[in-house]
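Taking it in order: structure first as structure tokens, then the write-up.
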Amino acid sequence: MLQLIKGHIIAAPSPGALDIVENGYIALRDGVIAGVSAARPAGFSDAPVEDFGDRLILQSFADMHLHAPQYPMLGLGMDAPLLTWLKRYAFPTEARFADAGFAREVFAHLAQALIENGTTRVCIFSSLHTEATLLLMDALERAGVTGYAGKVNMDQNGIDGLQETTEESMRETLRWLDACGRFTRMRPMLTPRFVPACSEALLAFLGRLSRERDLPVQSHLSENREEIELVRRLHPDCAQYWQVYDKYGLFHERTVMAHCVHSDACERAALGEHGVLAAHAPDSNVNLCSGVAPVRTMLDEGVRVALGSDIAGGALLPMNAVATAAIRASKARRIASGGEEDVLSVAEAYYLATSAGARFFGAGAGFAVGDALHAIVVDESGFPPAARPLTMAERLERALYLMRPGDICACYGGGRRVK
């Protein structure tokens, strides 16, 4: 099926760059991008046109780190540091997901909220419960979200009701993987919660699985100084946090490591050399007093960086809000550095919230030919009236700072319209 979508098209092909086509066309063939052009493309003369007039057509967002079972506690516990917050708030909430009925209700709500906010790709943590994880993947797929989800592995340092035995964690991981074949848009991702939550035997098992089945991995790295010290005590043979993951085969080009707030030059070099993606979660890092990640430095050093909401450590599910939080975090680092560090630009933040994450799923840059369409259409009529005509770049800036779910009048995920 041939189709055309028309409007003001703005894409981020690389950090800081914008491809802008005013009153342009995105040509689709069975939901796959055949081209972007200023004029109606040849061969599409009879194709139906969805004309969005003066509205913006932007890339939809990729949330590269969030915790689905923490959605019910969004906005709670913002006065506690990480390890206290986990034991007091996060772990008891996640334990509730042993109840499949509760999991089904929460995950259906979360999946719809992601689409309403223009997020169509995710790397997402479930709880350690197999049934809940399958329910999460089903809810996301039904809503039109694509990406990776993971059953959490956690056989130590949990709480009563939220900890597996090592054997149970291994067995349930295999059972979950066997059941994932029924999904087409959501795929499995190995998810050791973080080093303190996993025994050496469990980490070794997950490393073998990643290698033997070519499975991606997601976890946490250097989020909090207290956490880093705990890792050092648990693994005295490893000088740095990242080396524990690497020791067990979990640190490679298909790995997403959230936070990296306190990654020094050596750890950043390891991220770059191994091709690991750092998922920057600016709102969460401030809320839990973890710090501010050196994103500008990581980008300058060639580390792959994208953005994550990290709900519920982060209290912002909309990724446009996470993008502007990343800009503010970079300004905080500039202030702390006495003006030595450059701030992130709007174009860079837009890239980090879209193309940077989309690359992990095999997509090209911007609206690349051959990719299934992932896009949102923004209606700015609810924004404050502008005092003068705005450039397209300025309209993008206002969209990132002001956009709410009601301003997204259409959303396309995986080549089909989902809102």
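Starting from 1 in every chain, residues are counted up; chains themselves are A, B, ... following the order of the structure tokens, and ligands are numbered from 1 as listed.
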
Can you tell me, as a ChimeraX atom specification, what residues are no more than 10 Å from range 399-416 of chain A when counting only C-alpha atoms, ignoring any on the same chain fewer than 4 positions away?
-> /A:28-33,52,55-61,113-121,143-147,185,318-325,346,349-350,371-384,393-395

Go ahead and write the residues just picked, C-alpha atoms, as a PDB file, in the first residue's frame.
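Saved as out21.pdb:
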```
ATOM      1  CA  LEU A  28       5.412   5.159   2.620  1.00  0.00           C
ATOM      2  CA  ARG A  29       5.206   1.746   1.062  1.00  0.00           C
ATOM      3  CA  ASP A  30       3.443  -0.673   3.433  1.00  0.00           C
ATOM      4  CA  GLY A  31       4.426   1.563   6.338  1.00  0.00           C
ATOM      5  CA  VAL A  32       8.093   1.668   5.333  1.00  0.00           C
ATOM      6  CA  ILE A  33       9.720   4.975   4.384  1.00  0.00           C
ATOM      7  CA  PHE A  52      -1.431  17.723   8.329  1.00  0.00           C
ATOM      8  CA  ARG A  55       1.636  21.002  11.788  1.00  0.00           C
ATOM      9  CA  LEU A  56       5.047  19.565  12.650  1.00  0.00           C
ATOM     10  CA  ILE A  57       5.959  15.985  11.773  1.00  0.00           C
ATOM     11  CA  LEU A  58       8.686  14.895  14.173  1.00  0.00           C
ATOM     12  CA  GLN A  59      10.405  11.625  14.942  1.00  0.00           C
ATOM     13  CA  SER A  60       8.714   9.745  17.744  1.00  0.00           C
ATOM     14  CA  PHE A  61      10.724   9.078  20.882  1.00  0.00           C
ATOM     15  CA  ALA A 113       0.522   6.438  28.209  1.00  0.00           C
ATOM     16  CA  LEU A 114       3.719   5.822  26.255  1.00  0.00           C
ATOM     17  CA  ILE A 115       1.881   6.105  22.946  1.00  0.00           C
ATOM     18  CA  GLU A 116      -0.085   9.150  24.105  1.00  0.00           C
ATOM     19  CA  ASN A 117       3.252  10.838  24.853  1.00  0.00           C
ATOM     20  CA  GLY A 118       4.783   9.875  21.509  1.00  0.00           C
ATOM     21  CA  THR A 119       7.139   7.123  22.715  1.00  0.00           C
ATOM     22  CA  THR A 120       7.121   4.219  20.268  1.00  0.00           C
ATOM     23  CA  ARG A 121      10.407   2.459  21.063  1.00  0.00           C
ATOM     24  CA  ALA A 143      -0.557  -0.491  22.061  1.00  0.00           C
ATOM     25  CA  GLY A 144       1.894  -0.185  19.162  1.00  0.00           C
ATOM     26  CA  VAL A 145       5.186   0.067  21.054  1.00  0.00           C
ATOM     27  CA  THR A 146       8.216  -1.793  19.705  1.00  0.00           C
ATOM     28  CA  GLY A 147      11.527  -2.651  21.305  1.00  0.00           C
ATOM     29  CA  ARG A 185       7.247  -6.179  17.941  1.00  0.00           C
ATOM     30  CA  PRO A 318       7.115  12.220  28.293  1.00  0.00           C
ATOM     31  CA  MET A 319      10.433  12.017  26.494  1.00  0.00           C
ATOM     32  CA  ASN A 320      10.227  15.606  25.253  1.00  0.00           C
ATOM     33  CA  ALA A 321      10.364  16.570  28.949  1.00  0.00           C
ATOM     34  CA  VAL A 322      13.311  14.235  29.469  1.00  0.00           C
ATOM     35  CA  ALA A 323      15.071  15.912  26.522  1.00  0.00           C
ATOM     36  CA  THR A 324      14.674  19.358  28.075  1.00  0.00           C
ATOM     37  CA  ALA A 325      15.764  17.937  31.445  1.00  0.00           C
ATOM     38  CA  VAL A 346      17.946  21.697  21.433  1.00  0.00           C
ATOM     39  CA  ALA A 349      18.684  16.821  22.819  1.00  0.00           C
ATOM     40  CA  TYR A 350      16.157  16.015  20.073  1.00  0.00           C
ATOM     41  CA  ASP A 371      12.834   2.099   8.094  1.00  0.00           C
ATOM     42  CA  ALA A 372       9.301   1.574   9.337  1.00  0.00           C
ATOM     43  CA  LEU A 373       7.782   4.950  10.170  1.00  0.00           C
ATOM     44  CA  HIS A 374       8.080   6.159  13.767  1.00  0.00           C
ATOM     45  CA  ALA A 375       6.674   9.675  13.938  1.00  0.00           C
ATOM     46  CA  ILE A 376       4.455  12.102  15.810  1.00  0.00           C
ATOM     47  CA  VAL A 377       2.404  14.998  14.501  1.00  0.00           C
ATOM     48  CA  VAL A 378       2.324  18.053  16.762  1.00  0.00           C
ATOM     49  CA  ASP A 379      -0.520  20.557  16.835  1.00  0.00           C
ATOM     50  CA  GLU A 380       0.820  23.817  18.298  1.00  0.00           C
ATOM     51  CA  SER A 381      -2.549  25.583  18.465  1.00  0.00           C
ATOM     52  CA  GLY A 382      -2.625  25.167  22.245  1.00  0.00           C
ATOM     53  CA  PHE A 383       0.766  26.871  22.715  1.00  0.00           C
ATOM     54  CA  PRO A 384       0.969  30.580  23.683  1.00  0.00           C
ATOM     55  CA  ALA A 393      13.976  25.172  14.542  1.00  0.00           C
ATOM     56  CA  GLU A 394      12.252  27.517  16.986  1.00  0.00           C
ATOM     57  CA  ARG A 395       8.986  25.659  16.560  1.00  0.00           C
TER      58      ARG A 395
END
```

Could you pull out the strand (DSSP E) residues of range 113-282 of chain A from DSSP and send them as a count of residues only?
-> 33

May I have a table of the residues of range 205-228 of chain A lying at most 9 Å from range 261-274 of chain A, giving each one's closest pair of atoms and their distance in Å to one decimal, counting only C-alpha atoms, ordered by chain and ascending residue number, as a tab-separated table?
```
residue	atom	partner	partner_atom	distance
A:Leu221	CA	A:Val261	CA	8.0
A:Ser222	CA	A:His262	CA	5.3
A:Glu223	CA	A:Val261	CA	5.2
A:Asn224	CA	A:His262	CA	7.2
A:Arg225	CA	A:His262	CA	7.4
A:Ile228	CA	A:His262	CA	8.8
```

Resulting file, chosen residues, N, CA, C and O atoms, as a JSON list (two decimals), in the first residue's frame:
```json
[["chain", "number", "residue", "atom", "x", "y", "z"],
["A", 221, "LEU", "N", 24.83, 1.24, 35.64],
["A", 221, "LEU", "CA", 26.27, 1.41, 35.81],
["A", 221, "LEU", "C", 26.57, 2.76, 36.46],
["A", 221, "LEU", "O", 26.13, 3.81, 35.96],
["A", 222, "SER", "N", 27.31, 2.71, 37.57],
["A", 222, "SER", "CA", 27.88, 3.92, 38.19],
["A", 222, "SER", "C", 26.86, 5.03, 38.36],
["A", 222, "SER", "O", 27.11, 6.18, 38.02],
["A", 223, "GLU", "N", 25.72, 4.67, 38.94],
["A", 223, "GLU", "CA", 24.65, 5.65, 39.16],
["A", 223, "GLU", "C", 24.89, 6.47, 40.41],
["A", 223, "GLU", "O", 24.60, 7.67, 40.45],
["A", 224, "ASN", "N", 25.42, 5.83, 41.46],
["A", 224, "ASN", "CA", 25.43, 6.41, 42.79],
["A", 224, "ASN", "C", 26.72, 5.98, 43.49],
["A", 224, "ASN", "O", 27.17, 4.84, 43.34],
["A", 225, "ARG", "N", 27.35, 6.88, 44.23],
["A", 225, "ARG", "CA", 28.65, 6.57, 44.84],
["A", 225, "ARG", "C", 28.55, 5.44, 45.86],
["A", 225, "ARG", "O", 29.45, 4.60, 45.96],
["A", 228, "ILE", "N", 28.46, 2.25, 43.93],
["A", 228, "ILE", "CA", 29.78, 1.91, 43.39],
["A", 228, "ILE", "C", 30.65, 1.27, 44.47],
["A", 228, "ILE", "O", 31.36, 0.28, 44.22]]
```

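Proximity of A:Pro236, A:Ser290, A:Phe183, A:Met170 to Arg208 in chain A, computed with only C-alpha atoms, is greatest for A:Met170.
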